[in-house]
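Next comes coords.csv, with CSV, C-alpha atoms.
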chain,number,residue,atom,x,y,z
D,200,MET,CA,29.0,164.6,123.4
D,201,ASP,CA,25.4,163.9,124.4
D,202,ILE,CA,23.3,161.2,122.8
D,203,LYS,CA,21.0,163.5,120.9
D,204,ASN,CA,24.0,165.0,119.0
D,205,LEU,CA,25.4,161.5,118.4
D,206,GLU,CA,22.0,160.5,116.9
D,207,GLN,CA,22.1,163.4,114.5
D,208,ILE,CA,25.7,162.6,113.4
D,209,ALA,CA,24.7,158.9,112.9
D,210,LEU,CA,21.7,160.1,110.7
D,211,ASN,CA,24.1,162.3,108.7
D,212,ILE,CA,26.4,159.3,108.2
D,213,ARG,CA,23.5,157.0,107.1
D,214,LYS,CA,22.5,159.6,104.5
D,215,SER,CA,26.1,159.8,103.3
D,216,ILE,CA,26.3,156.0,103.0
D,217,ILE,CA,23.2,155.8,100.8
D,218,ASN,CA,24.3,158.8,98.7
D,219,MET,CA,27.7,157.4,98.2
D,220,ILE,CA,26.6,153.9,97.2
D,221,TYR,CA,23.8,155.2,95.0
D,222,ASN,CA,26.1,157.6,93.2
D,223,ALA,CA,28.7,154.9,92.7
D,224,SER,CA,26.1,152.3,91.7
D,225,SER,CA,28.2,150.0,93.8
D,226,GLY,CA,29.0,149.3,97.5
D,227,HIS,CA,28.0,147.5,100.6
D,228,PRO,CA,25.1,149.3,102.4
D,229,GLY,CA,23.9,146.5,104.8
D,230,GLY,CA,27.1,146.2,106.9
D,231,ALA,CA,27.8,149.9,106.8
D,232,LEU,CA,24.4,150.8,108.2
D,233,SER,CA,24.7,148.1,110.9
D,234,ALA,CA,28.0,149.6,112.2
D,235,THR,CA,26.9,153.3,112.1
D,236,GLU,CA,26.3,153.8,115.8
D,237,ILE,CA,29.5,152.0,116.7
D,238,ILE,CA,31.6,154.2,114.4
D,239,THR,CA,29.8,157.3,115.5
D,240,THR,CA,30.4,156.6,119.1
D,241,LEU,CA,34.1,155.9,118.5
D,242,TYR,CA,34.8,159.0,116.5
D,243,PHE,CA,32.6,161.5,118.4
D,244,SER,CA,32.5,160.2,122.0
D,245,GLU,CA,35.4,157.8,122.6
D,246,MET,CA,38.6,158.1,120.6
D,247,ASN,CA,41.3,160.6,121.1
D,248,ILE,CA,41.8,161.5,117.5
D,249,SER,CA,41.6,165.3,117.0
D,250,ASN,CA,44.7,165.1,114.8
D,251,PRO,CA,44.8,162.0,112.5
D,252,LYS,CA,48.6,162.4,112.2
D,253,ASP,CA,49.3,162.5,115.9
D,254,GLU,CA,51.5,159.6,116.9
D,255,PHE,CA,49.7,159.5,120.3
D,256,ARG,CA,46.2,159.3,118.7
D,257,ASP,CA,43.9,156.4,119.2
D,258,ARG,CA,43.7,154.0,116.2
D,259,LEU,CA,40.8,152.3,114.4
D,260,VAL,CA,41.1,149.2,112.2
D,261,LEU,CA,37.9,148.6,110.2
D,262,SER,CA,38.7,145.0,109.5
D,263,LYS,CA,35.4,144.6,107.6
D,264,GLY,CA,36.8,147.0,105.0
D,265,HIS,CA,34.0,146.5,102.5
D,266,ALA,CA,31.8,148.7,104.9
D,267,SER,CA,34.1,151.6,104.0
D,268,ALA,CA,31.2,153.9,103.3
D,269,VAL,CA,30.4,154.2,107.1
D,270,LEU,CA,34.1,155.1,107.8
D,271,TYR,CA,34.2,157.7,105.1
D,272,GLY,CA,31.0,159.2,106.3
D,273,ALA,CA,32.4,159.5,109.8
D,274,LEU,CA,35.7,161.0,108.5
D,275,ALA,CA,33.7,163.6,106.6
D,276,GLU,CA,31.6,164.5,109.7
D,277,LYS,CA,34.9,164.7,111.6
D,278,GLY,CA,36.3,167.1,109.0
D,279,PHE,CA,39.3,164.9,108.0
D,280,ILE,CA,38.0,164.7,104.5
D,281,LYS,CA,35.8,167.1,102.6
D,282,LYS,CA,32.1,166.2,102.3
D,283,GLU,CA,32.3,167.0,98.6
D,284,GLU,CA,34.8,164.1,98.2
D,285,LEU,CA,32.1,161.6,99.2
D,286,SER,CA,30.6,161.9,95.7
D,287,THR,CA,33.8,160.4,94.3
D,288,PHE,CA,33.3,157.1,96.2
D,289,ARG,CA,34.6,154.1,94.3
D,290,ASN,CA,35.7,156.2,91.3
D,291,ILE,CA,38.9,154.9,89.7
D,292,ASN,CA,41.1,157.9,90.7
D,293,SER,CA,39.3,158.7,94.0
D,294,SER,CA,41.0,158.6,97.4
D,295,LEU,CA,37.8,156.9,98.6
D,296,GLN,CA,38.1,153.4,97.3
D,297,GLY,CA,35.7,150.6,97.9
D,298,HIS,CA,38.1,149.4,100.6
D,299,PRO,CA,39.9,151.8,102.9
D,300,ASP,CA,43.5,152.7,101.8
D,301,MET,CA,45.8,154.3,104.4
D,302,ASN,CA,48.0,155.7,101.7
D,303,LYS,CA,45.2,157.6,100.0
D,304,THR,CA,42.8,158.7,102.7
D,305,LEU,CA,43.6,160.9,105.7
D,306,GLY,CA,42.3,159.4,108.8
D,307,VAL,CA,42.4,155.8,107.7
D,308,ASP,CA,44.8,153.9,110.0
D,309,MET,CA,45.0,150.7,108.1
D,310,THR,CA,44.3,149.4,104.6
D,311,THR,CA,41.7,146.7,104.9
D,312,GLY,CA,39.4,144.5,102.9
D,313,SER,CA,40.9,141.1,102.9
D,314,LEU,CA,38.8,139.6,105.7
D,315,GLY,CA,40.4,138.1,108.8
D,316,GLN,CA,43.5,140.3,108.9
D,317,GLY,CA,42.4,143.4,110.8
D,318,LEU,CA,42.7,142.0,114.3
D,319,SER,CA,46.3,140.9,113.7
D,320,VAL,CA,47.2,144.4,112.6
D,321,ALA,CA,45.3,145.9,115.6
D,322,ASN,CA,47.3,143.6,117.9
D,323,GLY,CA,50.5,144.9,116.4
D,324,MET,CA,49.5,148.5,117.0
D,325,ALA,CA,48.5,147.7,120.6
D,326,LEU,CA,51.7,145.8,121.3
D,327,ALA,CA,53.7,148.6,119.8
D,328,GLY,CA,52.0,151.1,122.1
D,329,LYS,CA,52.9,149.1,125.1
D,330,LEU,CA,56.5,148.7,124.0
D,331,ASP,CA,56.8,152.4,123.2
D,332,LYS,CA,55.1,153.3,126.5
D,333,LYS,CA,52.4,155.3,124.6
D,334,ASP,CA,49.0,155.4,126.1
D,335,TYR,CA,46.9,155.3,123.0
D,336,ARG,CA,44.1,152.8,122.5
D,337,VAL,CA,43.4,150.6,119.5
D,338,TYR,CA,39.9,149.7,118.3
D,339,CYS,CA,39.1,147.0,115.7
D,340,ILE,CA,35.7,146.3,114.1
D,341,LEU,CA,35.1,142.8,112.9
D,342,GLY,CA,32.2,141.4,110.9
D,343,ASP,CA,30.5,138.3,112.3
D,344,GLY,CA,30.9,136.5,109.0
D,345,GLU,CA,34.5,137.4,109.2
D,346,LEU,CA,34.9,135.3,112.3
D,347,GLN,CA,34.9,132.3,109.9
D,348,GLU,CA,38.5,133.2,109.0
D,349,GLY,CA,41.0,131.2,111.1
D,350,GLN,CA,43.4,134.1,111.3
D,351,VAL,CA,40.9,135.9,113.6
D,352,TRP,CA,41.3,133.2,116.2
D,353,GLU,CA,45.1,133.1,115.9
D,354,ALA,CA,45.0,136.8,116.5
D,355,ALA,CA,42.6,136.4,119.4
D,356,MET,CA,45.0,133.9,121.0
D,357,SER,CA,47.8,136.4,120.6
D,358,ALA,CA,45.9,139.3,122.1
D,359,GLY,CA,45.0,137.3,125.1
D,360,HIS,CA,48.5,136.0,125.5
D,361,TYR,CA,50.0,139.5,125.5
D,362,LYS,CA,47.3,140.9,127.8
D,363,LEU,CA,46.6,143.7,125.4
D,364,ASP,CA,44.3,145.8,127.6
D,365,ASN,CA,44.8,148.8,125.3
D,366,LEU,CA,42.9,146.8,122.6
D,367,CYS,CA,39.1,146.9,122.2
D,368,VAL,CA,37.4,144.8,119.6
D,369,PHE,CA,33.8,145.2,118.3
D,370,VAL,CA,32.0,142.3,116.6
D,371,ASP,CA,29.3,143.8,114.4
D,372,ASN,CA,26.9,140.9,114.9
D,373,ASN,CA,24.2,141.6,112.3
D,374,ASN,CA,23.9,137.8,111.7
D,375,PHE,CA,24.2,138.1,107.9
D,376,GLN,CA,26.9,137.7,105.3
D,377,ILE,CA,26.7,137.8,101.5
D,378,ASP,CA,25.3,134.3,101.1
D,379,GLY,CA,22.8,134.3,104.0
D,380,SER,CA,22.6,134.0,107.8
D,381,ILE,CA,26.0,133.3,109.3
D,382,ASP,CA,24.7,130.3,111.4
D,383,LYS,CA,23.7,128.5,108.2
D,384,ILE,CA,26.8,129.4,106.2
D,385,MET,CA,29.4,128.5,108.8
D,386,ASN,CA,28.2,128.9,112.4
D,387,PRO,CA,30.5,130.9,114.7
D,388,TYR,CA,28.2,130.8,117.7
D,389,PRO,CA,28.7,130.9,120.7
D,390,ILE,CA,30.9,133.9,119.9
D,391,ASP,CA,31.2,135.1,123.5
D,392,LYS,CA,32.5,131.7,124.8
D,393,LYS,CA,35.1,131.6,122.0
D,394,PHE,CA,36.5,134.9,122.9
D,395,GLU,CA,36.4,134.1,126.6
D,396,SER,CA,38.4,131.0,126.0
D,397,PHE,CA,41.2,133.2,124.5
D,398,GLY,CA,41.3,135.4,127.6
D,399,PHE,CA,39.1,138.3,126.5
D,400,ASN,CA,36.8,140.4,128.7
D,401,VAL,CA,33.5,140.0,126.9
D,402,ILE,CA,30.7,142.5,126.9
D,403,CYS,CA,27.4,142.0,125.1
D,404,ILE,CA,25.3,145.0,124.0
D,405,ASP,CA,22.7,146.4,121.6
D,406,GLY,CA,24.9,147.9,118.9
D,407,HIS,CA,22.4,150.6,118.1
D,408,ASN,CA,22.1,151.9,121.6
D,409,PHE,CA,24.5,154.8,122.2
D,410,LYS,CA,24.3,154.5,126.0
D,411,GLU,CA,25.1,150.8,126.0
D,412,ILE,CA,28.0,151.4,123.6
D,413,GLN,CA,29.4,154.2,125.8
D,414,GLU,CA,29.1,152.1,129.0
D,415,ALA,CA,30.8,149.1,127.3
D,416,LEU,CA,33.7,151.3,126.2
D,417,LEU,CA,34.1,152.7,129.7
D,418,LYS,CA,34.2,149.1,131.1
D,419,ALA,CA,36.8,148.2,128.4
D,420,ARG,CA,39.0,151.1,129.5
D,421,GLU,CA,38.7,150.0,133.1
D,422,THR,CA,39.7,146.4,132.3
D,423,LYS,CA,43.3,145.6,133.0
D,424,GLU,CA,45.5,142.7,131.9
D,425,LYS,CA,43.2,141.4,129.2
D,426,PRO,CA,41.8,142.7,125.9
D,427,THR,CA,38.0,143.5,125.6
D,428,VAL,CA,35.6,142.3,122.9
D,429,ILE,CA,32.2,144.1,122.6
D,430,LEU,CA,29.7,141.8,121.0
D,431,ALA,CA,27.3,144.3,119.4
D,432,LYS,CA,23.9,142.9,118.3
D,433,THR,CA,23.0,144.9,115.3
D,434,ILE,CA,20.5,144.9,112.4
D,435,LYS,CA,21.9,144.5,108.9
D,436,GLY,CA,20.7,147.6,106.8
D,437,LYS,CA,19.6,149.4,109.9
D,438,GLY,CA,17.4,152.4,109.1
D,439,ILE,CA,16.1,151.3,105.7
D,440,SER,CA,13.1,149.0,106.0
D,441,TYR,CA,13.7,147.0,102.8
D,442,MET,CA,17.4,146.5,103.6
D,443,GLU,CA,17.0,145.3,107.2
D,444,ASN,CA,17.7,141.8,108.3
D,445,THR,CA,18.5,140.4,104.8
D,446,SER,CA,21.6,139.4,102.9
D,447,ASP,CA,20.1,140.8,99.7
D,448,TRP,CA,21.6,144.3,100.5
D,449,HIS,CA,25.0,143.1,101.6
D,450,GLY,CA,26.7,144.3,98.4
D,451,LYS,CA,24.5,146.1,95.9
D,452,ALA,CA,23.4,149.7,95.3
D,453,PRO,CA,19.8,151.0,95.3
D,454,ASN,CA,18.2,152.1,92.0
D,455,GLU,CA,16.5,155.5,91.8
D,456,ASN,CA,13.2,154.5,93.3
D,457,GLU,CA,14.9,152.6,96.1
D,458,PHE,CA,17.3,155.5,96.7
D,459,ASN,CA,14.4,157.9,97.0
D,460,LEU,CA,12.5,155.6,99.4
D,461,ALA,CA,15.6,155.2,101.5
D,462,MET,CA,16.2,158.9,101.8
D,463,LYS,CA,12.5,159.4,102.7
D,464,GLU,CA,12.7,156.8,105.4
D,465,LEU,CA,15.9,158.4,106.8
D,466,GLU,CA,14.1,161.8,107.1
D,467,LYS,CA,11.7,160.1,109.6
D,468,PHE,CA,14.4,157.9,111.3

Mind turning the file's structure into structure tokens?
Amino acid sequence: MDIKNLEQIALNIRKSIINMIYNASSGHPGGALSATEIITTLYFSEMNISNPKDEFRDRLVLSKGHASAVLYGALAEKGFIKKEELSTFRNINSSLQGHPDMNKTLGVDMTTGSLGQGLSVANGMALAGKLDKKDYRVYCILGDGELQEGQVWEAAMSAGHYKLDNLCVFVDNNNFQIDGSIDKIMNPYPIDKKFESFGFNVICIDGHNFKEIQEALLKARETKEKPTVILAKTIKGKGISYMENTSDWHGKAPNENEFNLAMKELEKF
């Protein structure tokens, strides 16, 4: 799929994110908007996932599960869930809960939300693929604040040890978490050197540039005998001026005036 089409899909997903969170009066817009180009590229340019029940499909683990709105937006664009369902986001009986649930939502490969656990699960999927001699790939999206969880680094050690070259990890490096900038809360930098020390192939990109994302994914597929991590520099709240580069919109919904302004800005995005 060409970049122009990917840009349109990403815009549709951004609109869905804002609509979902506004309608629910709850959610996490900042980190969903920062990961939109990553998710769009994976689902519409990279992953072999035409059938979400196919045992040979590629897998995605959204470890930063609170950003579920971006995943649901992509699944709706993909046709795995109905777009009308998006209006039920975070409702008590909805299949679209605040954190992804693999038992409720078609296309969700892993239930996530407890930060730090996603890479361990992705490792298991990747190792199982090798043991079963299946050529699917596994993708995992981590938040940069999530890197403060020790389990992430245990999992990184494991991925490097088992040379999981069918595993590709994204770090959504928007530099903010709920309480502020990550370097002031618990500094994880230099992220690249840490992953290198665990045996990863490290690629640094602009996480909103489709061409760079695609090129990084190609390099990841070509890399053998080691897992790849793509450090994607992103903007928290990307696309909505008043949400960008601030922790204020990590986990709150816009009011009516803010919603209208957001949708107006997205029409010009």

- Atom-to-atom span, atom CA of Ser225 of chain D and atom CA of Lys451 of chain D, Å: 5.8 Å

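Closest approach to Thr287 of chain D from the set D:Thr239, D:Ser215, D:Ser357, D:Ser319 is made by D:Ser215, with distances taken over only C-alpha atoms.
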
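When all atoms listed in the file are used to measure the gap to Tyr361 of chain D, the shortest distance among D:Pro426, D:Cys403, D:Pro387, D:Cys339 belongs to D:Pro426.
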
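Residue nearest Ile212 of chain D, chosen from D:Tyr271, D:Phe375, D:Trp448, D:Tyr338 and counting all atoms listed in the file: D:Tyr271.
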
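You can rank D:Lys393, D:Lys410, D:Lys282, D:Arg258 by their closest distance to Met200 of chain D using all atoms listed in the file, and at the top of that list sits D:Lys410.
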
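Going from atom CA of Met462 of chain D to atom CA of Leu274 of chain D covers 20.7 Å.
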
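Within the 7 Å cut-off around segment 416-424 of chain D, using all atoms listed in the file and omitting residues fewer than 2 positions from it on the same chain, the listed residues are Lys362, Leu363, Asp364, Cys367, Ile412, Gln413, Glu414 and Thr427 of chain D.
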
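Minimum distance to Pro389 of chain D across D:Gly323, D:Leu346, D:Phe369, D:Ser244 (counting only C-alpha atoms) occurs at D:Leu346.
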
Kindly provide, as a CSV table (one decimal) with C-alpha atoms, in the coordinates of the input, the polymer residues lying within 12 Å of (35.3, 161.8, 103.1), counting all atoms listed in the file and using the coordinates exactly as they appear in the file.
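Listed below is the output, result.csv:
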chain,number,residue,atom,x,y,z
D,212,ILE,CA,26.4,159.3,108.2
D,215,SER,CA,26.1,159.8,103.3
D,216,ILE,CA,26.3,156.0,103.0
D,219,MET,CA,27.7,157.4,98.2
D,267,SER,CA,34.1,151.6,104.0
D,268,ALA,CA,31.2,153.9,103.3
D,269,VAL,CA,30.4,154.2,107.1
D,270,LEU,CA,34.1,155.1,107.8
D,271,TYR,CA,34.2,157.7,105.1
D,272,GLY,CA,31.0,159.2,106.3
D,273,ALA,CA,32.4,159.5,109.8
D,274,LEU,CA,35.7,161.0,108.5
D,275,ALA,CA,33.7,163.6,106.6
D,276,GLU,CA,31.6,164.5,109.7
D,277,LYS,CA,34.9,164.7,111.6
D,278,GLY,CA,36.3,167.1,109.0
D,279,PHE,CA,39.3,164.9,108.0
D,280,ILE,CA,38.0,164.7,104.5
D,281,LYS,CA,35.8,167.1,102.6
D,282,LYS,CA,32.1,166.2,102.3
D,283,GLU,CA,32.3,167.0,98.6
D,284,GLU,CA,34.8,164.1,98.2
D,285,LEU,CA,32.1,161.6,99.2
D,286,SER,CA,30.6,161.9,95.7
D,287,THR,CA,33.8,160.4,94.3
D,288,PHE,CA,33.3,157.1,96.2
D,289,ARG,CA,34.6,154.1,94.3
D,293,SER,CA,39.3,158.7,94.0
D,294,SER,CA,41.0,158.6,97.4
D,295,LEU,CA,37.8,156.9,98.6
D,296,GLN,CA,38.1,153.4,97.3
D,299,PRO,CA,39.9,151.8,102.9
D,303,LYS,CA,45.2,157.6,100.0
D,304,THR,CA,42.8,158.7,102.7
D,305,LEU,CA,43.6,160.9,105.7
D,306,GLY,CA,42.3,159.4,108.8
D,307,VAL,CA,42.4,155.8,107.7

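The interatomic distance for the pair atom CA of Tyr335 of chain D and atom CA of Asp257 of chain D works out to 5.0 Å.
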
- Using all atoms listed in the file, the shortest atom-to-atom distance to Asp391 of chain D among D:Glu443, D:Asp343, D:Asp201, D:Glu254 belongs to D:Asp343
